[in-house]
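Shown here: work26.cif, mmCIF, C-alpha atoms.
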data_coords
loop_
_atom_site.label_atom_id
_atom_site.label_comp_id
_atom_site.auth_asym_id
_atom_site.auth_seq_id
_atom_site.Cartn_x
_atom_site.Cartn_y
_atom_site.Cartn_z
CA MET A 1 0.00 0.00 0.00
CA ARG A 2 2.90 2.36 0.67
CA TRP A 3 4.36 1.66 -2.77
CA TRP A 4 0.95 2.13 -4.36
CA SER A 5 0.49 5.47 -2.58
CA VAL A 6 3.89 6.70 -3.74
CA ALA A 7 3.12 5.63 -7.31
CA ASN A 8 -0.25 7.37 -7.20
CA PHE A 9 1.31 10.55 -5.87
CA VAL A 10 3.80 10.59 -8.76
CA SER A 11 1.04 9.85 -11.26
CA ASN A 12 -1.30 12.52 -9.89
CA ALA A 13 1.46 15.11 -9.93
CA GLY A 14 2.22 14.25 -13.56
CA THR A 15 -1.44 14.33 -14.54
CA TRP A 16 -2.08 17.74 -13.01
CA MET A 17 1.12 19.04 -14.55
CA GLN A 18 -0.16 17.97 -17.98
CA LEU A 19 -3.69 19.32 -17.39
CA THR A 20 -2.29 22.71 -16.39
CA VAL A 21 -0.02 22.83 -19.43
CA GLN A 22 -2.69 21.50 -21.80
CA ASN A 23 -5.02 24.43 -21.19
CA LEU A 24 -2.18 26.86 -21.87
CA LEU A 25 -1.19 24.90 -24.97
CA VAL A 26 -4.71 25.06 -26.44
CA LEU A 27 -4.79 28.80 -25.83
CA GLN A 28 -1.39 29.13 -27.49
CA ILE A 29 -2.47 27.16 -30.56
CA THR A 30 -5.96 28.62 -31.04
CA GLY A 31 -6.11 31.78 -28.96
CA SER A 32 -9.63 30.73 -28.02
CA ALA A 33 -10.95 30.11 -24.52
CA ALA A 34 -13.87 28.21 -26.06
CA ALA A 35 -11.42 25.75 -27.62
CA THR A 36 -9.91 25.16 -24.18
CA GLY A 37 -13.29 24.20 -22.81
CA LEU A 38 -13.93 22.02 -25.87
CA SER A 39 -10.72 20.05 -25.30
CA MET A 40 -11.79 19.30 -21.72
CA SER A 41 -15.24 18.21 -22.91
CA VAL A 42 -13.75 15.95 -25.60
CA GLN A 43 -11.64 14.21 -22.97
CA ALA A 44 -14.63 13.82 -20.65
CA ALA A 45 -17.11 12.68 -23.32
CA PRO A 46 -15.98 9.01 -23.45
CA ALA A 47 -16.77 8.66 -19.75
CA LEU A 48 -20.36 9.69 -20.50
CA LEU A 49 -20.77 7.18 -23.32
CA ILE A 50 -18.69 4.10 -22.52
CA SER A 51 -17.83 4.11 -18.80
CA VAL A 52 -20.23 1.22 -18.24
CA PHE A 53 -18.27 -0.88 -20.76
CA GLY A 54 -14.98 0.11 -19.15
CA GLY A 55 -16.31 -1.02 -15.78
CA ALA A 56 -17.42 -4.34 -17.27
CA ALA A 57 -13.92 -4.83 -18.67
CA VAL A 58 -12.44 -4.25 -15.22
CA ASP A 59 -14.73 -6.92 -13.76
CA ARG A 60 -13.86 -9.39 -16.53
CA TRP A 61 -10.08 -8.95 -16.89
CA PRO A 62 -7.34 -9.54 -14.27
CA ARG A 63 -7.19 -6.32 -12.30
CA LYS A 64 -3.41 -5.91 -12.00
CA LEU A 65 -2.88 -6.58 -15.71
CA THR A 66 -5.70 -4.21 -16.66
CA ALA A 67 -4.33 -1.39 -14.51
CA ALA A 68 -0.74 -1.89 -15.74
CA VAL A 69 -1.72 -1.94 -19.43
CA SER A 70 -4.00 1.10 -19.11
CA GLN A 71 -1.24 3.06 -17.34
CA ALA A 72 1.26 2.10 -20.06
CA LEU A 73 -1.18 3.22 -22.77
CA LEU A 74 -1.75 6.56 -21.05
CA GLY A 75 2.03 6.95 -20.91
CA ALA A 76 2.27 6.25 -24.64
CA VAL A 77 -0.31 8.97 -25.37
CA ALA A 78 1.62 11.45 -23.20
CA PHE A 79 4.91 10.63 -24.96
CA THR A 80 3.24 10.99 -28.37
CA THR A 81 1.96 14.42 -27.43
CA ALA A 82 5.39 15.44 -26.12
CA LEU A 83 7.01 14.37 -29.40
CA LEU A 84 4.50 16.31 -31.50
CA VAL A 85 5.01 19.41 -29.36
CA ALA A 86 8.80 19.12 -29.56
CA LEU A 87 8.63 18.80 -33.37
CA ASP A 88 6.09 21.65 -33.59
CA ARG A 89 3.64 19.34 -35.35
CA LEU A 90 0.79 19.50 -32.87
CA ASP A 91 -2.39 21.18 -34.14
CA ILE A 92 -5.82 21.45 -32.59
CA THR A 93 -7.17 18.41 -34.48
CA SER A 94 -4.43 16.05 -33.30
CA LEU A 95 -4.72 17.45 -29.77
CA MET A 96 -8.46 16.73 -29.72
CA VAL A 97 -7.89 13.18 -31.00
CA LEU A 98 -5.29 12.53 -28.31
CA ALA A 99 -7.63 13.95 -25.66
CA ALA A 100 -10.41 11.62 -26.84
CA VAL A 101 -8.08 8.60 -26.77
CA THR A 102 -7.02 9.54 -23.24
CA GLY A 103 -10.67 9.71 -22.19
CA VAL A 104 -11.39 6.26 -23.63
CA ILE A 105 -8.44 4.66 -21.81
CA ALA A 106 -9.43 6.43 -18.59
CA THR A 107 -12.82 4.68 -18.58
CA VAL A 108 -10.93 1.46 -17.86
CA ASP A 109 -7.99 2.88 -15.93
CA GLY A 110 -10.07 4.76 -13.34
CA PRO A 111 -12.06 1.85 -11.87
CA ALA A 112 -9.15 -0.59 -12.31
CA CYS A 113 -6.73 1.52 -10.25
CA SER A 114 -9.36 2.44 -7.65
CA LEU A 115 -10.29 -1.18 -6.98
CA LEU A 116 -6.69 -2.37 -7.15
CA GLY A 117 -5.85 -0.05 -4.26
CA ASN A 118 -8.69 -1.58 -2.22
CA ASP A 119 -7.28 -5.07 -2.81
CA LEU A 120 -4.11 -4.11 -0.95
CA VAL A 121 -5.79 -3.81 2.46
CA PRO A 122 -8.19 -5.98 4.50
CA PRO A 123 -11.89 -5.20 3.94
CA GLU A 124 -12.26 -3.34 7.24
CA ASP A 125 -9.50 -0.93 6.21
CA VAL A 126 -10.93 -0.03 2.78
CA PRO A 127 -12.48 3.30 3.96
CA SER A 128 -9.10 4.33 5.38
CA ALA A 129 -7.35 3.30 2.16
CA ILE A 130 -9.77 5.47 0.18
CA GLY A 131 -9.02 8.37 2.53
CA VAL A 132 -5.30 7.89 1.95
CA GLY A 133 -6.00 7.90 -1.80
CA ALA A 134 -7.86 11.21 -1.47
CA LEU A 135 -4.93 12.67 0.46
CA VAL A 136 -2.50 11.49 -2.22
CA HIS A 137 -4.74 12.99 -4.92
CA GLN A 138 -4.90 16.41 -3.24
CA SER A 139 -1.14 16.46 -2.59
CA GLY A 140 -0.37 15.40 -6.15
CA ARG A 141 -2.68 18.10 -7.48
CA LEU A 142 -0.86 20.83 -5.56
CA THR A 143 2.55 19.49 -6.52
CA GLY A 144 1.67 19.03 -10.19
CA ALA A 145 0.23 22.52 -10.59
CA ALA A 146 3.36 24.02 -8.98
CA LEU A 147 5.74 21.91 -11.07
CA ALA A 148 3.96 22.79 -14.32
CA GLY A 149 5.12 26.41 -14.27
CA VAL A 150 8.68 25.49 -13.32
CA THR A 151 8.93 22.75 -15.94
CA VAL A 152 7.55 24.88 -18.77
CA GLY A 153 9.73 27.82 -17.77
CA PHE A 154 13.00 25.86 -17.78
CA LEU A 155 12.42 22.91 -20.12
CA GLY A 156 9.44 23.78 -22.30
CA THR A 157 5.92 22.46 -22.79
CA ALA A 158 7.01 19.10 -24.23
CA ALA A 159 8.88 18.30 -21.01
CA ALA A 160 5.66 18.47 -18.98
CA TYR A 161 4.01 15.86 -21.21
CA ALA A 162 7.14 13.69 -21.13
CA ALA A 163 7.22 13.90 -17.32
CA ASN A 164 3.61 12.75 -17.20
CA GLY A 165 4.48 9.84 -19.49
CA LEU A 166 7.27 8.80 -17.13
CA SER A 167 4.88 8.98 -14.17
CA PHE A 168 2.51 6.52 -15.90
CA LEU A 169 5.36 4.13 -16.65
CA PHE A 170 6.46 4.31 -13.01
CA VAL A 171 3.00 3.21 -11.88
CA ALA A 172 2.92 0.43 -14.48
CA SER A 173 6.30 -0.84 -13.25
CA VAL A 174 5.15 -0.89 -9.61
CA ILE A 175 1.86 -2.78 -10.19
CA PRO A 176 3.38 -6.26 -10.86
CA PHE A 177 5.04 -6.23 -7.42
CA LEU A 178 1.88 -5.36 -5.45
CA ARG A 179 0.52 -8.15 -3.26
CA PRO A 180 -3.17 -8.17 -2.26
CA ALA A 181 -3.81 -8.29 1.47
CA ARG A 182 -4.97 -11.54 3.02
CA GLY A 183 -8.75 -11.58 3.10
CA ALA A 184 -9.10 -8.70 0.63
CA ALA A 185 -12.34 -8.84 -1.36
CA ARG A 186 -11.55 -9.45 -5.00
CA THR A 187 -13.48 -10.48 -8.07
CA ALA A 188 -14.06 -14.12 -8.72
CA GLY A 189 -12.33 -13.96 -12.07
CA PRO A 190 -13.73 -14.15 -15.57
CA ALA A 191 -16.57 -16.42 -14.47
CA VAL A 192 -18.76 -16.20 -11.39
CA ARG A 193 -20.03 -19.38 -9.74
CA THR A 194 -23.78 -19.59 -9.57
CA ALA A 195 -24.05 -23.08 -8.07
CA PRO A 196 -21.68 -25.94 -7.22
CA GLY A 197 -20.22 -27.22 -10.44
CA ARG A 198 -22.00 -24.60 -12.61
CA ARG A 199 -20.89 -21.28 -14.05
CA ASP A 200 -22.77 -18.46 -15.68
CA ALA A 201 -22.16 -18.78 -19.41
CA ARG A 202 -21.55 -15.07 -19.71
CA GLY A 203 -19.46 -15.01 -16.55
CA GLY A 204 -21.99 -12.67 -14.92
CA MET A 205 -20.09 -9.80 -16.51
CA SER A 206 -22.81 -8.12 -18.59
CA VAL A 207 -23.19 -4.35 -18.59
CA ARG A 208 -26.93 -4.80 -18.02
CA GLU A 209 -26.28 -6.58 -14.73
CA GLY A 210 -24.33 -3.61 -13.39
CA LEU A 211 -27.00 -1.14 -14.49
CA ALA A 212 -29.74 -3.26 -12.94
CA PHE A 213 -27.90 -3.57 -9.64
CA PHE A 214 -27.39 0.19 -9.44
CA ALA A 215 -31.02 0.94 -10.34
CA ARG A 216 -32.36 -1.51 -7.71
CA ARG A 217 -30.08 -0.30 -4.92
CA PRO A 218 -31.78 2.53 -2.94
CA ARG A 219 -28.53 3.29 -1.11
CA LEU A 220 -26.65 3.97 -4.34
CA LEU A 221 -29.55 5.95 -5.81
CA ALA A 222 -29.64 8.12 -2.67
CA LEU A 223 -25.87 8.61 -2.91
CA ALA A 224 -26.26 9.64 -6.55
CA GLY A 225 -28.94 12.16 -5.59
CA VAL A 226 -26.91 13.71 -2.76
CA THR A 227 -23.77 13.91 -4.87
CA GLY A 228 -25.65 15.26 -7.88
CA VAL A 229 -27.35 18.16 -6.12
CA SER A 230 -24.07 19.03 -4.41
CA ALA A 231 -22.15 18.90 -7.69
CA VAL A 232 -24.58 21.16 -9.55
CA PHE A 233 -25.33 23.79 -6.88
CA GLY A 234 -22.06 23.66 -4.94
CA ARG A 235 -18.55 22.33 -5.37
CA ASN A 236 -17.75 24.51 -8.40
CA TYR A 237 -15.92 26.94 -6.15
CA GLN A 238 -13.31 27.77 -8.78
CA LEU A 239 -16.18 29.41 -10.66
CA THR A 240 -18.39 30.94 -7.95
CA LEU A 241 -15.62 32.11 -5.64
CA ALA A 242 -13.62 33.54 -8.54
CA VAL A 243 -16.57 35.77 -9.46
CA LEU A 244 -17.24 36.66 -5.81
CA VAL A 245 -13.62 37.59 -5.05
CA THR A 246 -12.99 39.61 -8.21
CA GLY A 247 -16.46 41.19 -8.17
CA PRO A 248 -18.28 42.11 -4.93
CA LEU A 249 -15.16 41.72 -2.77
CA ALA A 250 -13.03 43.79 -5.20
CA GLY A 251 -10.06 41.42 -5.06
CA GLY A 252 -7.63 40.49 -7.79
CA ALA A 253 -5.96 37.38 -9.15
CA GLY A 254 -3.68 37.27 -6.10
CA SER A 255 -6.65 37.24 -3.73
CA PHE A 256 -8.29 34.41 -5.62
CA GLY A 257 -4.98 32.54 -5.56
CA THR A 258 -5.06 32.78 -1.77
CA VAL A 259 -8.62 31.44 -1.71
CA SER A 260 -7.58 28.55 -3.98
CA THR A 261 -4.69 27.72 -1.67
CA VAL A 262 -7.00 27.62 1.35
CA LEU A 263 -9.36 25.34 -0.59
CA ALA A 264 -6.48 22.98 -1.33
CA VAL A 265 -5.33 22.96 2.30
CA GLY A 266 -8.88 22.24 3.43
CA GLY A 267 -9.04 19.37 0.96
CA ILE A 268 -5.90 17.82 2.44
CA VAL A 269 -7.19 18.22 6.01
CA GLY A 270 -10.49 16.68 4.98
CA ALA A 271 -8.74 13.73 3.34
CA VAL A 272 -6.83 13.07 6.58
CA LEU A 273 -10.06 13.19 8.59
CA GLY A 274 -11.86 11.05 6.00
CA ALA A 275 -9.21 8.36 6.32
CA ARG A 276 -10.28 7.92 9.96
CA LEU A 277 -13.87 7.02 9.04
CA ARG A 278 -14.56 3.41 9.94
CA ARG A 279 -18.27 3.16 9.12
CA PRO A 280 -19.09 5.57 6.28
CA SER A 281 -22.73 5.67 5.17
CA VAL A 282 -25.03 7.62 2.88
CA ARG A 283 -26.44 9.37 5.95
CA VAL A 284 -22.98 10.63 6.82
CA VAL A 285 -22.44 11.80 3.23
CA GLY A 286 -25.79 13.60 3.22
CA ALA A 287 -25.23 15.26 6.60
CA LEU A 288 -21.81 16.52 5.51
CA ALA A 289 -23.16 17.75 2.16
CA ALA A 290 -26.00 19.63 3.91
CA ALA A 291 -23.49 21.18 6.33
CA GLY A 292 -21.37 22.23 3.37
CA GLY A 293 -24.41 23.84 1.77
CA LEU A 294 -25.12 25.90 4.88
CA LEU A 295 -21.47 26.97 5.09
CA GLN A 296 -21.76 27.99 1.45
CA VAL A 297 -24.71 30.24 2.34
CA VAL A 298 -22.63 31.97 5.04
CA ALA A 299 -19.70 32.32 2.62
CA GLY A 300 -22.02 34.09 0.18
CA LEU A 301 -22.76 36.66 2.87
CA SER A 302 -19.05 37.37 3.55
CA PRO A 303 -18.49 41.13 3.79
CA SER A 304 -14.72 40.88 3.24
CA LEU A 305 -12.01 38.60 1.91
CA ALA A 306 -10.83 37.80 5.46
CA VAL A 307 -14.26 36.50 6.45
CA LEU A 308 -14.47 34.50 3.23
CA LEU A 309 -11.13 32.83 3.94
CA VAL A 310 -12.39 31.81 7.39
CA MET A 311 -15.45 30.16 5.79
CA VAL A 312 -13.63 28.56 2.85
CA LEU A 313 -11.49 26.30 5.01
CA PRO A 314 -14.35 24.39 6.72
CA MET A 315 -16.21 24.28 3.40
CA ALA A 316 -13.29 22.47 1.79
CA VAL A 317 -12.81 20.16 4.78
CA VAL A 318 -16.48 19.12 4.82
CA GLU A 319 -16.50 18.58 1.05
CA SER A 320 -13.38 16.40 1.19
CA VAL A 321 -14.67 14.23 4.06
CA SER A 322 -18.03 13.86 2.28
CA ASP A 323 -16.29 12.80 -0.94
CA THR A 324 -14.18 10.25 0.91
CA ALA A 325 -17.20 8.77 2.68
CA GLY A 326 -19.19 8.63 -0.56
CA THR A 327 -16.37 6.90 -2.42
CA ALA A 328 -16.06 4.35 0.38
CA VAL A 329 -19.78 3.54 0.15
CA LEU A 330 -19.62 3.33 -3.65
CA GLN A 331 -16.65 0.96 -3.70
CA THR A 332 -17.72 -1.33 -0.86
CA ASP A 333 -21.51 -1.59 -1.18
CA PRO A 334 -21.63 -3.73 -4.37
CA PRO A 335 -20.43 -7.35 -4.29
CA PRO A 336 -16.82 -7.72 -5.50
CA HIS A 337 -17.71 -9.10 -8.93
CA LEU A 338 -19.92 -6.06 -9.70
CA ARG A 339 -17.77 -3.21 -8.41
CA GLY A 340 -16.14 -2.37 -11.73
CA ARG A 341 -19.50 -2.03 -13.46
CA VAL A 342 -20.96 0.03 -10.63
CA LEU A 343 -17.99 2.39 -10.88
CA GLY A 344 -18.59 2.51 -14.63
CA VAL A 345 -22.21 3.55 -14.11
CA TRP A 346 -21.04 6.14 -11.59
CA GLY A 347 -18.51 7.47 -14.11
CA SER A 348 -21.28 8.15 -16.63
CA ILE A 349 -23.48 9.83 -14.01
CA GLY A 350 -20.59 11.93 -12.70
CA THR A 351 -19.76 13.11 -16.22
CA VAL A 352 -23.31 14.43 -16.62
CA TRP A 353 -22.84 16.47 -13.44
CA SER A 354 -19.40 17.75 -14.41
CA LEU A 355 -20.59 18.82 -17.87
CA GLY A 356 -23.97 20.22 -16.81
CA GLY A 357 -23.07 21.76 -13.45
CA PRO A 358 -20.92 24.74 -14.56
CA PRO A 359 -23.41 26.00 -17.21
CA ALA A 360 -26.31 25.70 -14.76
CA LEU A 361 -24.35 27.51 -12.08
CA GLY A 362 -23.25 30.15 -14.57
CA LEU A 363 -26.89 30.80 -15.47
CA LEU A 364 -27.76 31.08 -11.78
CA MET A 365 -24.97 33.64 -11.33
CA GLU A 366 -26.29 35.62 -14.31
CA LEU A 367 -29.70 35.77 -12.64
CA ALA A 368 -28.73 36.21 -8.98
CA GLY A 369 -25.07 37.30 -8.97
CA ALA A 370 -22.20 35.51 -7.23
CA ARG A 371 -23.56 36.04 -3.72
CA GLY A 372 -27.06 35.00 -4.71
CA ALA A 373 -25.79 31.89 -6.51
CA LEU A 374 -23.78 30.76 -3.48
CA MET A 375 -26.65 31.33 -1.07
CA ALA A 376 -29.38 29.90 -3.30
CA GLY A 377 -27.25 26.88 -4.18
CA GLY A 378 -26.43 26.19 -0.55
CA LEU A 379 -30.07 26.44 0.48
CA ILE A 380 -31.14 24.11 -2.36
CA ILE A 381 -28.54 21.54 -1.26
CA ALA A 382 -29.55 21.66 2.41
CA ALA A 383 -33.30 21.69 1.67
CA THR A 384 -33.12 18.81 -0.83
CA ILE A 385 -31.10 16.59 1.50
CA GLY A 386 -33.34 17.51 4.45
CA ALA A 387 -36.42 16.56 2.44
CA GLY A 388 -34.79 13.28 1.53
CA TYR A 389 -34.15 12.51 5.20
CA VAL A 390 -37.79 13.25 6.07
CA LEU A 391 -39.12 11.03 3.29
CA GLU A 392 -36.76 8.22 4.21
CA SER A 393 -37.69 8.37 7.89
CA ARG A 394 -41.42 8.15 7.05
CA ARG A 395 -41.00 5.15 4.78
CA PRO A 396 -42.51 2.10 6.53
CA ALA A 397 -40.18 -0.77 7.27
CA ARG A 398 -40.73 -3.68 4.92
CA ALA A 399 -41.59 -6.91 6.70
CA VAL A 400 -39.86 -10.08 5.52
CA PRO A 401 -42.17 -13.10 5.90
CA VAL A 402 -40.54 -16.28 7.17
CA THR A 403 -42.52 -19.49 6.76
CA ALA A 404 -42.23 -22.39 9.12
CA GLY A 405 -39.18 -24.45 8.43
CA ALA A 406 -37.64 -21.80 6.17
CA ALA A 407 -34.00 -21.08 6.54
CA VAL A 408 -33.19 -17.83 8.32
CA PRO A 409 -31.44 -15.41 5.95
CA PRO A 410 -27.77 -15.03 6.84
CA ALA A 411 -26.70 -11.85 8.57
CA PRO A 412 -25.03 -9.32 6.22
CA ALA A 413 -21.29 -9.19 6.18
CA ALA A 414 -19.62 -6.65 8.42
CA LEU A 415 -18.37 -4.66 5.44
CA GLY A 416 -21.86 -4.41 3.96
CA THR A 417 -23.21 -3.10 7.23
CA ALA A 418 -20.43 -0.55 7.46
CA ALA A 419 -21.08 0.60 3.88
#

Please lay out the structure from this file as structure tokens.
Amino acid sequence: MRWWSVANFVSNAGTWMQLTVQNLLVLQITGSAAATGLSMSVQAAPALLISVFGGAAVDRWPRKLTAAVSQALLGAVAFTTALLVALDRLDITSLMVLAAVTGVIATVDGPACSLLGNDLVPPEDVPSAIGVGALVHQSGRLTGAALAGVTVGFLGTAAAYAANGLSFLFVASVIPFLRPARGAARTAGPAVRTAPGRRDARGGMSVREGLAFFARRPRLLALAGVTGVSAVFGRNYQLTLAVLVTGPLAGGAGSFGTVSTVLAVGGIVGAVLGARLRRPSVRVVGALAAAGGLLQVVAGLSPSLAVLLVMVLPMAVVESVSDTAGTAVLQTDPPPHLRGRVLGVWGSIGTVWSLGGPPALGLLMELAGARGALMAGGLIIAATIGAGYVLESRRPARAVPVTAGAAVPPAPAALGTAA
């Protein structure tokens, strides 16, 4: 797990270095901010369309091999981009094609690497492992963004892509030496036993099975609802706080940089706290999301930058802990042989939020201003989650009839209860 965390830190730093440079590169090639947004959408689009198939592939193929190959392919794409930049042969068309290829590979790489990390610890430690992963992600993001400017300044744009390629190869070289923990929950392989001596002809690996499981699971549907409303009306702080700081609070780019730094620090603190969660649940995720919405309302009322900075830190902490708890539920609630497909379904849903959230929030800011958007969004989040709690509490408990002589259903596993 230590080796995996180091590899992930290196990979995250390289990825954020490339993302930072890529936006600048698109602006340099086209001079269009719209083209920059288009490149990000092109890379995200495959997750919307084929994430469910990527998740099915993760359930079907050996996890270590899948993760290693996907990391190597991402490295090859990064090296190809670096070569085209170095030779001054990169145009907007080739950049869009490479972004789309990266998005396709990521539909397999994301769930494969997430679940591989869970295999390295006993089931009871999976929530903590996810918290460690969130901490590594936040740290890598800070490091990568800082290294991007230094690398481009001294070595050029191509060097940033080459560094990202090396980070992928480092992860791929570490994966073969990882040993799953004893008792770790893993998939049953390419075929799932349905009865002694019998196997499902399709191996139980159909995309439809993953979709059906997600649709029939109230816990996952509730998690999707909580996360969705939070993603659309909150979370996009780089947008709402940028307008608030540079507008009503009369700050500049430096002031917003300070706010962004506080957000990053809060994310790291939240990841540390999230790693201590032993029994994450959808109720915990919802309570934290509602608290974050109320903090967002107070932040919208901030009369000065100093007050805003005081509010931003707990906002980021609550968001990070909520994300960690939600990821733990998502990755531990399904049975092992379905987890890749469930993550694939989640990838498609999350892409809808990430693509639709900023435009919806931008429209809200046009109508209500930055302060109004923050306050209205926070109230919508808190009210929606509160209404969900009320409806859930009023739902009658469903009785399970047990006939005479019938076998008593087995008690759920400890991990399922915790999730």

Item to complete: Figure out the distance between CA of Val345 (chain A) and CA of Leu211 (chain A), please, to one decimal in Å.
Response: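 Interatomic distance here is 6.7 Å.
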
Response to the item:
One residue among A:Ile268, A:Leu343, A:Ala287, A:Leu363 is nearest to Val132 (chain A) when using all atoms listed in the file, and that residue is A:Ile268

Applied to this file, what does the PyMOL selection byres ((chain A and resi 365-382) around 9) return in terms of residues, put as an mmCIF file with C-alpha atoms, in the coordinates of the input?
data_model
loop_
_atom_site.group_PDB
_atom_site.id
_atom_site.type_symbol
_atom_site.label_atom_id
_atom_site.label_comp_id
_atom_site.auth_asym_id
_atom_site.auth_seq_id
_atom_site.Cartn_x
_atom_site.Cartn_y
_atom_site.Cartn_z
ATOM 1 C CA VAL A 226 -26.910 13.710 -2.760
ATOM 2 C CA VAL A 229 -27.350 18.160 -6.120
ATOM 3 C CA SER A 230 -24.070 19.030 -4.410
ATOM 4 C CA VAL A 232 -24.580 21.160 -9.550
ATOM 5 C CA PHE A 233 -25.330 23.790 -6.880
ATOM 6 C CA GLY A 234 -22.060 23.660 -4.940
ATOM 7 C CA THR A 240 -18.390 30.940 -7.950
ATOM 8 C CA LEU A 241 -15.620 32.110 -5.640
ATOM 9 C CA ALA A 242 -13.620 33.540 -8.540
ATOM 10 C CA VAL A 243 -16.570 35.770 -9.460
ATOM 11 C CA LEU A 244 -17.240 36.660 -5.810
ATOM 12 C CA GLY A 247 -16.460 41.190 -8.170
ATOM 13 C CA PRO A 248 -18.280 42.110 -4.930
ATOM 14 C CA GLY A 286 -25.790 13.600 3.220
ATOM 15 C CA ALA A 287 -25.230 15.260 6.600
ATOM 16 C CA ALA A 289 -23.160 17.750 2.160
ATOM 17 C CA ALA A 290 -26.000 19.630 3.910
ATOM 18 C CA ALA A 291 -23.490 21.180 6.330
ATOM 19 C CA GLY A 292 -21.370 22.230 3.370
ATOM 20 C CA GLY A 293 -24.410 23.840 1.770
ATOM 21 C CA LEU A 294 -25.120 25.900 4.880
ATOM 22 C CA LEU A 295 -21.470 26.970 5.090
ATOM 23 C CA GLN A 296 -21.760 27.990 1.450
ATOM 24 C CA VAL A 297 -24.710 30.240 2.340
ATOM 25 C CA VAL A 298 -22.630 31.970 5.040
ATOM 26 C CA ALA A 299 -19.700 32.320 2.620
ATOM 27 C CA GLY A 300 -22.020 34.090 0.180
ATOM 28 C CA LEU A 301 -22.760 36.660 2.870
ATOM 29 C CA SER A 302 -19.050 37.370 3.550
ATOM 30 C CA ALA A 360 -26.310 25.700 -14.760
ATOM 31 C CA LEU A 361 -24.350 27.510 -12.080
ATOM 32 C CA GLY A 362 -23.250 30.150 -14.570
ATOM 33 C CA LEU A 363 -26.890 30.800 -15.470
ATOM 34 C CA LEU A 364 -27.760 31.080 -11.780
ATOM 35 C CA ALA A 383 -33.300 21.690 1.670
ATOM 36 C CA THR A 384 -33.120 18.810 -0.830
ATOM 37 C CA ILE A 385 -31.100 16.590 1.500
ATOM 38 C CA GLY A 386 -33.340 17.510 4.450
ATOM 39 C CA ALA A 387 -36.420 16.560 2.440
#

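In terms of minimum interatomic distance to Arg179 (chain A), A:Leu120 ranks closest within A:Leu135, A:Ala306, A:Ala129, A:Leu120, counting all atoms listed in the file.
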
Practice prompt. Determine the nearest neighbour of Leu74 (chain A) from the options A:Val285, A:Ile92, A:Ala316, A:Ala172, counting only C-alpha atoms.
Written response: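 Among A:Val285, A:Ile92, A:Ala316, A:Ala172, it is A:Ala172 that comes nearest to Leu74 (chain A).
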
Practice prompt. Identify, on the basis of all atoms listed in the file, every residue whose closest approach to Val262 (chain A) does not exceed 9 Å; exclude the query and any residue fewer than 2 positions from it along the same chain; express the result as a ChimeraX atom specification.
Written response: /A:257-260,264-267,309,312-313,316

Same residues, C-alpha atoms, output as a compact mmCIF listing (two decimals), in the coordinates of the input:
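Saved file again-v3.txt follows:
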# COMPACT_ATOMS: atom_id res chain seq x y z
CA GLY A 257 -4.98 32.54 -5.56
CA THR A 258 -5.06 32.78 -1.77
CA VAL A 259 -8.62 31.44 -1.71
CA SER A 260 -7.58 28.55 -3.98
CA ALA A 264 -6.48 22.98 -1.33
CA VAL A 265 -5.33 22.96 2.30
CA GLY A 266 -8.88 22.24 3.43
CA GLY A 267 -9.04 19.37 0.96
CA LEU A 309 -11.13 32.83 3.94
CA VAL A 312 -13.63 28.56 2.85
CA LEU A 313 -11.49 26.30 5.01
CA ALA A 316 -13.29 22.47 1.79

Discussion item. Assuming the chain letters and numbering stay as they are in my file, what does the PyMOL selection byres ((chain A and resi 42) around 10) actually select? List them as JSON, numbers by chain.
Written reply: {"A": [37, 38, 39, 40, 41, 43, 44, 45, 46, 47, 96, 97, 98, 99, 100, 101, 102, 103]}

Would you mind listing what lies within 7 Å of region 109-117 of chain A as a PDB file with C-alpha atoms, in the coordinates of the input, with all atoms listed in the file counted and same-chain residues fewer than 6 positions away left out?
ATOM      1  CA  GLY A  55     -16.310  -1.020 -15.780  1.00  0.00           C
ATOM      2  CA  VAL A  58     -12.440  -4.250 -15.220  1.00  0.00           C
ATOM      3  CA  ARG A  63      -7.190  -6.320 -12.300  1.00  0.00           C
ATOM      4  CA  LYS A  64      -3.410  -5.910 -12.000  1.00  0.00           C
ATOM      5  CA  THR A  66      -5.700  -4.210 -16.660  1.00  0.00           C
ATOM      6  CA  ALA A  67      -4.330  -1.390 -14.510  1.00  0.00           C
ATOM      7  CA  SER A  70      -4.000   1.100 -19.110  1.00  0.00           C
ATOM      8  CA  GLN A  71      -1.240   3.060 -17.340  1.00  0.00           C
ATOM      9  CA  GLY A 340     -16.140  -2.370 -11.730  1.00  0.00           C
ATOM     10  CA  LEU A 343     -17.990   2.390 -10.880  1.00  0.00           C
TER      11      LEU A 343
END
